[in-house]
$ cat work05.tsv   # TSV, C-alpha atoms
chain	number	residue	atom	x	y	z
A	8	MET	CA	80.36	-38.06	-180.58
A	9	THR	CA	83.18	-38.68	-178.10
A	10	LYS	CA	86.57	-38.56	-179.77
A	11	VAL	CA	88.63	-41.76	-179.90
A	12	PHE	CA	92.41	-41.67	-180.18
A	13	GLY	CA	94.56	-44.67	-181.06
A	14	LEU	CA	97.91	-44.12	-179.37
A	15	GLY	CA	99.73	-47.18	-180.70
A	16	PHE	CA	102.78	-46.99	-182.90
A	17	SER	CA	102.46	-47.76	-186.60
A	18	LYS	CA	102.65	-51.53	-187.21
A	19	THR	CA	100.73	-52.43	-184.02
A	20	GLY	CA	97.45	-53.09	-185.77
A	21	THR	CA	96.46	-49.49	-186.39
A	22	THR	CA	94.73	-50.39	-189.65
A	23	SER	CA	92.69	-53.06	-187.88
A	24	LEU	CA	91.70	-50.49	-185.25
A	25	GLU	CA	90.74	-47.96	-187.92
A	26	THR	CA	88.59	-50.53	-189.71
A	27	ALA	CA	86.94	-51.61	-186.46
A	28	LEU	CA	86.14	-48.02	-185.52
A	29	GLU	CA	84.63	-47.36	-188.93
A	30	THR	CA	82.48	-50.47	-188.52
A	31	LEU	CA	81.23	-49.00	-185.23
A	32	GLY	CA	80.17	-45.81	-186.99
A	33	TYR	CA	83.11	-43.49	-186.42
A	34	ASN	CA	84.44	-41.13	-189.07
A	35	VAL	CA	88.11	-42.14	-188.88
A	36	CYS	CA	91.16	-40.05	-189.69
A	37	ARG	CA	93.16	-42.89	-191.25
A	38	GLY	CA	96.94	-42.80	-191.26
A	39	HIS	CA	97.57	-44.16	-194.78
A	40	TRP	CA	100.30	-42.35	-196.71
A	41	GLN	CA	97.93	-41.78	-199.67
A	42	ASN	CA	95.66	-39.57	-197.58
A	43	VAL	CA	96.22	-35.85	-198.01
A	44	HIS	CA	96.25	-35.18	-194.28
A	45	THR	CA	98.77	-37.82	-193.18
A	46	PHE	CA	102.12	-36.20	-193.94
A	47	TYR	CA	100.68	-32.80	-193.01
A	48	LEU	CA	99.72	-33.99	-189.53
A	49	GLN	CA	103.09	-35.66	-189.01
A	50	ALA	CA	104.88	-32.43	-189.89
A	51	LEU	CA	102.56	-30.43	-187.64
A	52	TRP	CA	103.54	-32.62	-184.68
A	53	ILE	CA	107.26	-32.34	-185.46
A	54	HIS	CA	106.90	-28.55	-185.36
A	55	ARG	CA	104.53	-28.72	-182.38
A	56	ASP	CA	101.77	-26.74	-184.08
A	57	TYR	CA	99.11	-27.97	-181.69
A	58	ASP	CA	96.55	-25.32	-182.59
A	59	GLU	CA	96.48	-26.52	-186.19
A	60	ILE	CA	96.37	-30.16	-185.11
A	61	PHE	CA	93.33	-29.50	-182.92
A	62	ARG	CA	91.72	-27.57	-185.74
A	63	LEU	CA	91.89	-30.78	-187.80
A	64	VAL	CA	90.62	-32.85	-184.87
A	65	ASN	CA	87.26	-31.17	-185.43
A	66	TYR	CA	86.90	-32.91	-188.80
A	67	TRP	CA	86.90	-36.55	-187.61
A	68	ASP	CA	85.60	-38.68	-184.75
A	69	ALA	CA	88.47	-41.14	-184.36
A	70	PHE	CA	92.20	-41.14	-185.04
A	71	ALA	CA	94.98	-43.73	-185.32
A	72	ASP	CA	98.54	-44.20	-186.59
A	73	ALA	CA	101.07	-41.36	-186.75
A	74	PRO	CA	101.19	-38.76	-185.30
A	75	TRP	CA	98.48	-39.83	-182.80
A	76	GLY	CA	100.53	-42.89	-181.90
A	77	GLY	CA	104.25	-43.03	-181.22
A	78	THR	CA	104.62	-39.42	-180.06
A	79	THR	CA	104.00	-37.33	-176.97
A	80	LEU	CA	100.90	-35.87	-178.61
A	81	TYR	CA	98.75	-37.96	-176.24
A	82	GLU	CA	99.71	-35.54	-173.44
A	83	LYS	CA	98.14	-32.60	-175.30
A	84	LEU	CA	95.16	-34.69	-176.37
A	85	TYR	CA	94.39	-35.58	-172.78
A	86	GLU	CA	95.01	-32.02	-171.60
A	87	ARG	CA	92.54	-30.53	-174.08
A	88	LEU	CA	90.09	-33.42	-174.51
A	89	PRO	CA	90.22	-35.44	-171.26
A	90	ASP	CA	86.81	-37.03	-171.85
A	91	SER	CA	88.02	-38.72	-175.04
A	92	LYS	CA	88.59	-42.47	-175.31
A	93	PHE	CA	92.24	-43.53	-175.54
A	94	ILE	CA	93.40	-46.87	-176.94
A	95	LEU	CA	96.97	-48.15	-176.95
A	96	THR	CA	97.63	-50.92	-179.46
A	97	VAL	CA	100.75	-52.96	-178.72
A	98	ARG	CA	102.60	-56.07	-179.83
A	99	ASP	CA	105.80	-57.91	-178.99
A	100	ASP	CA	108.88	-55.66	-179.35
A	101	GLU	CA	110.84	-57.88	-181.76
A	102	ALA	CA	107.81	-58.69	-183.91
A	103	TRP	CA	106.95	-54.99	-184.08
A	104	TYR	CA	110.48	-54.08	-185.17
A	105	GLU	CA	110.49	-56.78	-187.86
A	106	SER	CA	107.25	-55.38	-189.26
A	107	LEU	CA	108.57	-51.81	-189.17
A	108	GLU	CA	111.84	-52.79	-190.83
A	109	LYS	CA	109.91	-54.62	-193.54
A	110	LEU	CA	107.97	-51.41	-194.19
A	111	LEU	CA	111.04	-49.18	-194.28
A	112	THR	CA	113.00	-51.56	-196.53
A	113	MET	CA	110.20	-52.08	-199.04
A	114	PHE	CA	112.23	-50.34	-201.75
A	115	ASP	CA	115.75	-51.23	-200.64
A	116	LEU	CA	116.93	-54.14	-198.46
A	117	ASN	CA	120.28	-52.52	-197.64
A	118	LEU	CA	119.95	-51.11	-194.11
A	119	GLU	CA	122.59	-48.47	-194.87
A	120	THR	CA	120.60	-46.93	-197.72
A	121	ALA	CA	117.01	-48.16	-197.19
A	122	PHE	CA	115.91	-45.11	-195.21
A	123	ASP	CA	116.99	-42.70	-197.94
A	124	SER	CA	115.47	-44.93	-200.62
A	125	TYR	CA	112.19	-44.88	-198.71
A	126	HIS	CA	112.32	-41.08	-198.82
A	127	SER	CA	113.19	-40.92	-202.52
A	128	LYS	CA	110.24	-43.14	-203.50
A	129	GLY	CA	107.74	-40.57	-202.28
A	130	MET	CA	107.55	-41.62	-198.64
A	131	TYR	CA	109.32	-38.43	-197.56
A	132	GLY	CA	106.67	-37.50	-195.03
A	133	SER	CA	106.89	-40.78	-193.14
A	134	GLN	CA	110.68	-40.90	-193.39
A	135	TYR	CA	110.87	-37.36	-192.04
A	136	PHE	CA	108.54	-38.36	-189.21
A	137	PHE	CA	110.40	-41.55	-188.25
A	138	ARG	CA	113.75	-39.76	-188.47
A	139	HIS	CA	112.56	-37.25	-185.87
A	140	VAL	CA	110.78	-39.79	-183.66
A	141	PHE	CA	113.74	-42.16	-183.41
A	142	GLY	CA	116.54	-39.63	-183.93
A	143	ILE	CA	118.18	-41.66	-186.69
A	144	ASP	CA	119.44	-41.12	-190.23
A	145	THR	CA	119.85	-44.79	-191.14
A	146	LEU	CA	118.46	-48.16	-190.09
A	147	ALA	CA	121.92	-49.70	-189.95
A	148	GLY	CA	123.06	-50.25	-186.36
A	149	ASN	CA	119.89	-48.72	-184.89
A	150	LYS	CA	117.65	-51.73	-184.28
A	151	GLN	CA	118.05	-51.70	-180.49
A	152	ARG	CA	117.67	-47.93	-180.33
A	153	ILE	CA	114.36	-48.17	-182.18
A	154	ILE	CA	113.10	-51.06	-180.05
A	155	ASP	CA	114.11	-49.31	-176.83
A	156	HIS	CA	112.22	-46.21	-177.90
A	157	TYR	CA	109.13	-48.25	-178.76
A	158	HIS	CA	109.24	-50.10	-175.45
A	159	ALA	CA	109.75	-46.93	-173.41
A	160	TYR	CA	106.95	-45.16	-175.26
A	161	ASN	CA	104.38	-47.85	-174.48
A	162	LEU	CA	105.29	-47.91	-170.81
A	163	ALA	CA	105.21	-44.10	-170.67
A	164	VAL	CA	101.68	-43.99	-172.10
A	165	ILE	CA	100.43	-46.59	-169.62
A	166	ASP	CA	102.08	-44.74	-166.74
A	167	PHE	CA	100.70	-41.36	-167.87
A	168	PHE	CA	97.08	-42.53	-167.75
A	169	ALA	CA	97.52	-44.62	-164.60
A	170	LYS	CA	98.89	-41.62	-162.67
A	171	ARG	CA	95.81	-39.63	-163.66
A	172	ASN	CA	93.44	-42.47	-162.88
A	173	ALA	CA	92.27	-42.06	-166.46
A	174	GLU	CA	90.83	-44.72	-168.71
A	175	LEU	CA	93.18	-46.35	-171.20
A	176	LEU	CA	92.39	-49.50	-173.15
A	177	VAL	CA	95.43	-51.59	-174.05
A	178	MET	CA	94.86	-53.97	-176.94
A	179	ASP	CA	97.09	-56.62	-178.49
A	180	PHE	CA	95.51	-57.94	-181.67
A	181	THR	CA	98.16	-60.64	-181.94
A	182	LYS	CA	96.72	-62.08	-178.72
A	183	GLY	CA	93.18	-62.12	-180.07
A	184	ASP	CA	91.85	-58.91	-178.55
A	185	GLY	CA	88.81	-57.70	-180.43
A	186	TRP	CA	85.18	-56.67	-180.13
A	187	ASP	CA	84.88	-58.15	-176.63
A	188	LYS	CA	87.32	-55.56	-175.28
A	189	LEU	CA	86.74	-52.67	-177.66
A	190	CYS	CA	82.96	-52.42	-177.66
A	191	PRO	CA	82.37	-52.27	-173.87
A	192	PHE	CA	85.11	-49.64	-173.61
A	193	LEU	CA	83.37	-47.49	-176.24
A	194	GLY	CA	79.84	-48.29	-175.07
A	195	LYS	CA	78.99	-49.92	-178.39
A	196	SER	CA	77.17	-53.13	-179.29
A	197	VAL	CA	79.26	-55.95	-180.73
A	198	PRO	CA	78.78	-56.13	-184.53
A	199	PRO	CA	77.69	-59.48	-186.01
A	200	ILE	CA	80.93	-59.79	-188.00
A	201	PRO	CA	84.46	-60.99	-187.17
A	202	PHE	CA	86.92	-58.45	-185.80
A	203	PRO	CA	89.39	-57.37	-188.52
A	204	HIS	CA	92.55	-59.00	-187.21
A	205	GLN	CA	94.64	-62.16	-187.36
A	206	ASN	CA	95.37	-64.03	-184.13
A	207	GLN	CA	98.98	-64.68	-183.22
A	208	SER	CA	100.40	-66.23	-180.07
A	209	ILE	CA	103.05	-63.72	-179.07
A	210	GLN	CA	103.84	-62.89	-175.47
A	211	ASN	CA	103.38	-59.20	-174.75
A	212	PRO	CA	105.02	-57.47	-171.77
A	213	TYR	CA	102.67	-54.46	-171.68
A	214	LEU	CA	99.36	-56.12	-170.89
A	215	SER	CA	100.53	-57.18	-167.42
A	216	ASN	CA	101.27	-53.53	-166.64
A	217	LYS	CA	98.06	-51.96	-167.87
A	218	LYS	CA	95.59	-50.16	-165.63
A	219	ALA	CA	92.70	-52.46	-164.77
$ encode --input "work05.tsv" --output "structure tokens"
Amino acid sequence: MTKVFGLGFSKTGTTSLETALETLGYNVCRGHWQNVHTFYLQALWIHRDYDEIFRLVNYWDAFADAPWGGTTLYEKLYERLPDSKFILTVRDDEAWYESLEKLLTMFDLNLETAFDSYHSKGMYGSQYFFRHVFGIDTLAGNKQRIIDHYHAYNLAVIDFFAKRNAELLVMDFTKGDGWDKLCPFLGKSVPPIPFPHQNQSIQNPYLSNKKA
């Protein structure tokens, strides 16, 4: 089965994508923190152990959330597996940040200490990952830095595939994207069930820049 990689940042509908791919018959490497492989894969990317990452790629058909999304790993994925299917999930910058901040402050609403509290409550793998991705030690005063990184990442992914004339599907679940875009891209029939997402009317700057 052709590999499918979700390149979207966490909090862009990665869980919806994972569920949709499972519905279509893929064995999905889910990014939930309770999975044994999640923190391990995030650490492997931080230390750029690509050989071990690709060893794990053999165990699943489809992949989403960190470290597949939000990092430069997509460059290596395309280099080694260019015939794979690549999907970039996106959403409005501000809405994405609000969702991420809500996640990272789930144990502590104080932006000065929330990041460390997140670590101390057992989320050390994700905190370690986000700290390296964004280059921050605290959420306080770093909102724009995080948003800028997110925005630049999405544009970089789109540009990377466009320059190689390679297929990339950009999906915004908040705009109602679903089976009608995903299934033709993957060569799959549309399932007789609703797509697992909630529609939201949020303007997204990335869709106008995607490769047709």
$ closest_residue --input "work05.tsv" --among "A:Thr79, A:Thr120, A:Thr112, A:Thr96" --to "Ala163 in chain A" --atoms "all atoms listed in the file"
A:Thr79
$ residues_around --input "work05.tsv" --residues "range 37-53 of chain A" --least-positions-apart "4" --cutoff "9 Å" --atoms "all atoms listed in the file" --output "number ranges by chain"
A: 17, 21-22, 25, 57, 59-60, 63, 69-75, 78, 80, 130-133, 135-136, 139-140
$ atom_distance --input "work05.tsv" --atom1 "CA of Thr181 in chain A" --atom2 "CA of His204 in chain A"
7.9 Å
$ residues_around --input "work05.tsv" --residues "Tyr33 in chain A" --least-positions-apart "2" --cutoff "9 Å" --atoms "only C-alpha atoms" --output "JSON, numbers by chain"
{"A": [8, 10, 11, 25, 27, 28, 29, 30, 31, 35, 67, 68, 69]}
$ atom_distance --input "work05.tsv" --atom1 "CA of Val64 in chain A" --atom2 "CA of Tyr125 in chain A"
28.3 Å
$ atom_distance --input "work05.tsv" --atom1 "CA of Gly183 in chain A" --atom2 "CA of His156 in chain A"
24.9 Å
$ residues_around --input "work05.tsv" --residues "range 143-152 of chain A" --least-positions-apart "5" --cutoff "9 Å" --atoms "all atoms listed in the file" --output "ChimeraX atom specification"
/A:104,108,111,117-123,137-138,157
$ closest_residue --input "work05.tsv" --among "A:Phe167, A:Leu176, A:Phe202, A:Gly185" --to "Glu86 in chain A" --atoms "all atoms listed in the file"
A:Phe167
$ residues_near_point --input "work05.tsv" --point "(90.7, -40.3, -167.2)" --cutoff "9 Å" --atoms "only C-alpha atoms" --output "PyMOL selection string"
chain A and resi 85+89-92+168-169+171-175
$ closest_residue --input "work05.tsv" --among "A:Phe114, A:Leu162, A:Gly32, A:Thr9" --to "Ser196 in chain A" --atoms "all atoms listed in the file"
A:Gly32
$ build_atoms --input "work05.tsv" --residues "range 162-180 of chain A" --atoms "N, CA, C and O atoms" --output "compact mmCIF listing (two decimals), in the coordinates of the input"
# COMPACT_ATOMS: atom_id res chain seq x y z
N LEU A 162 105.33 -47.98 -172.27
CA LEU A 162 105.29 -47.91 -170.81
C LEU A 162 104.96 -46.50 -170.33
O LEU A 162 104.25 -46.32 -169.34
N ALA A 163 105.47 -45.49 -171.04
CA ALA A 163 105.21 -44.10 -170.67
C ALA A 163 103.73 -43.76 -170.83
O ALA A 163 103.14 -43.06 -169.99
N VAL A 164 103.11 -44.24 -171.89
CA VAL A 164 101.68 -43.99 -172.10
C VAL A 164 100.86 -44.62 -170.99
O VAL A 164 99.97 -43.99 -170.40
N ILE A 165 101.15 -45.89 -170.68
CA ILE A 165 100.43 -46.59 -169.62
C ILE A 165 100.59 -45.87 -168.29
O ILE A 165 99.62 -45.67 -167.54
N ASP A 166 101.80 -45.43 -168.00
CA ASP A 166 102.08 -44.74 -166.74
C ASP A 166 101.36 -43.39 -166.68
O ASP A 166 100.83 -43.00 -165.63
N PHE A 167 101.34 -42.67 -167.80
CA PHE A 167 100.70 -41.36 -167.87
C PHE A 167 99.23 -41.45 -167.47
O PHE A 167 98.74 -40.67 -166.64
N PHE A 168 98.51 -42.41 -168.04
CA PHE A 168 97.08 -42.53 -167.75
C PHE A 168 96.82 -43.12 -166.37
O PHE A 168 95.86 -42.73 -165.70
N ALA A 169 97.69 -44.03 -165.94
CA ALA A 169 97.52 -44.62 -164.60
C ALA A 169 97.67 -43.57 -163.52
O ALA A 169 96.92 -43.55 -162.54
N LYS A 170 98.65 -42.67 -163.67
CA LYS A 170 98.89 -41.62 -162.67
C LYS A 170 97.72 -40.65 -162.58
O LYS A 170 97.54 -40.00 -161.54
N ARG A 171 96.95 -40.55 -163.64
CA ARG A 171 95.81 -39.63 -163.66
C ARG A 171 94.50 -40.35 -163.40
O ARG A 171 93.43 -39.75 -163.51
N ASN A 172 94.63 -41.65 -163.10
CA ASN A 172 93.44 -42.47 -162.88
C ASN A 172 92.47 -42.33 -164.05
O ASN A 172 91.24 -42.26 -163.88
N ALA A 173 93.04 -42.26 -165.24
CA ALA A 173 92.27 -42.06 -166.46
C ALA A 173 92.15 -43.37 -167.23
O ALA A 173 93.02 -44.23 -167.15
N GLU A 174 91.08 -43.50 -167.96
CA GLU A 174 90.83 -44.72 -168.71
C GLU A 174 91.77 -44.85 -169.91
O GLU A 174 91.93 -43.91 -170.70
N LEU A 175 92.36 -46.02 -170.03
CA LEU A 175 93.18 -46.35 -171.20
C LEU A 175 92.94 -47.82 -171.51
O LEU A 175 93.13 -48.68 -170.64
N LEU A 176 92.56 -48.11 -172.73
CA LEU A 176 92.39 -49.50 -173.15
C LEU A 176 93.64 -49.95 -173.89
O LEU A 176 94.05 -49.33 -174.87
N VAL A 177 94.27 -51.01 -173.39
CA VAL A 177 95.43 -51.59 -174.05
C VAL A 177 94.99 -52.82 -174.81
O VAL A 177 94.38 -53.73 -174.24
N MET A 178 95.28 -52.86 -176.10
CA MET A 178 94.86 -53.97 -176.94
C MET A 178 96.04 -54.57 -177.70
O MET A 178 96.87 -53.83 -178.24
N ASP A 179 96.09 -55.89 -177.73
CA ASP A 179 97.09 -56.62 -178.49
C ASP A 179 96.34 -57.54 -179.44
O ASP A 179 95.84 -58.59 -179.04
N PHE A 180 96.26 -57.15 -180.70
CA PHE A 180 95.51 -57.94 -181.67
C PHE A 180 96.19 -59.28 -181.95
O PHE A 180 95.52 -60.22 -182.39
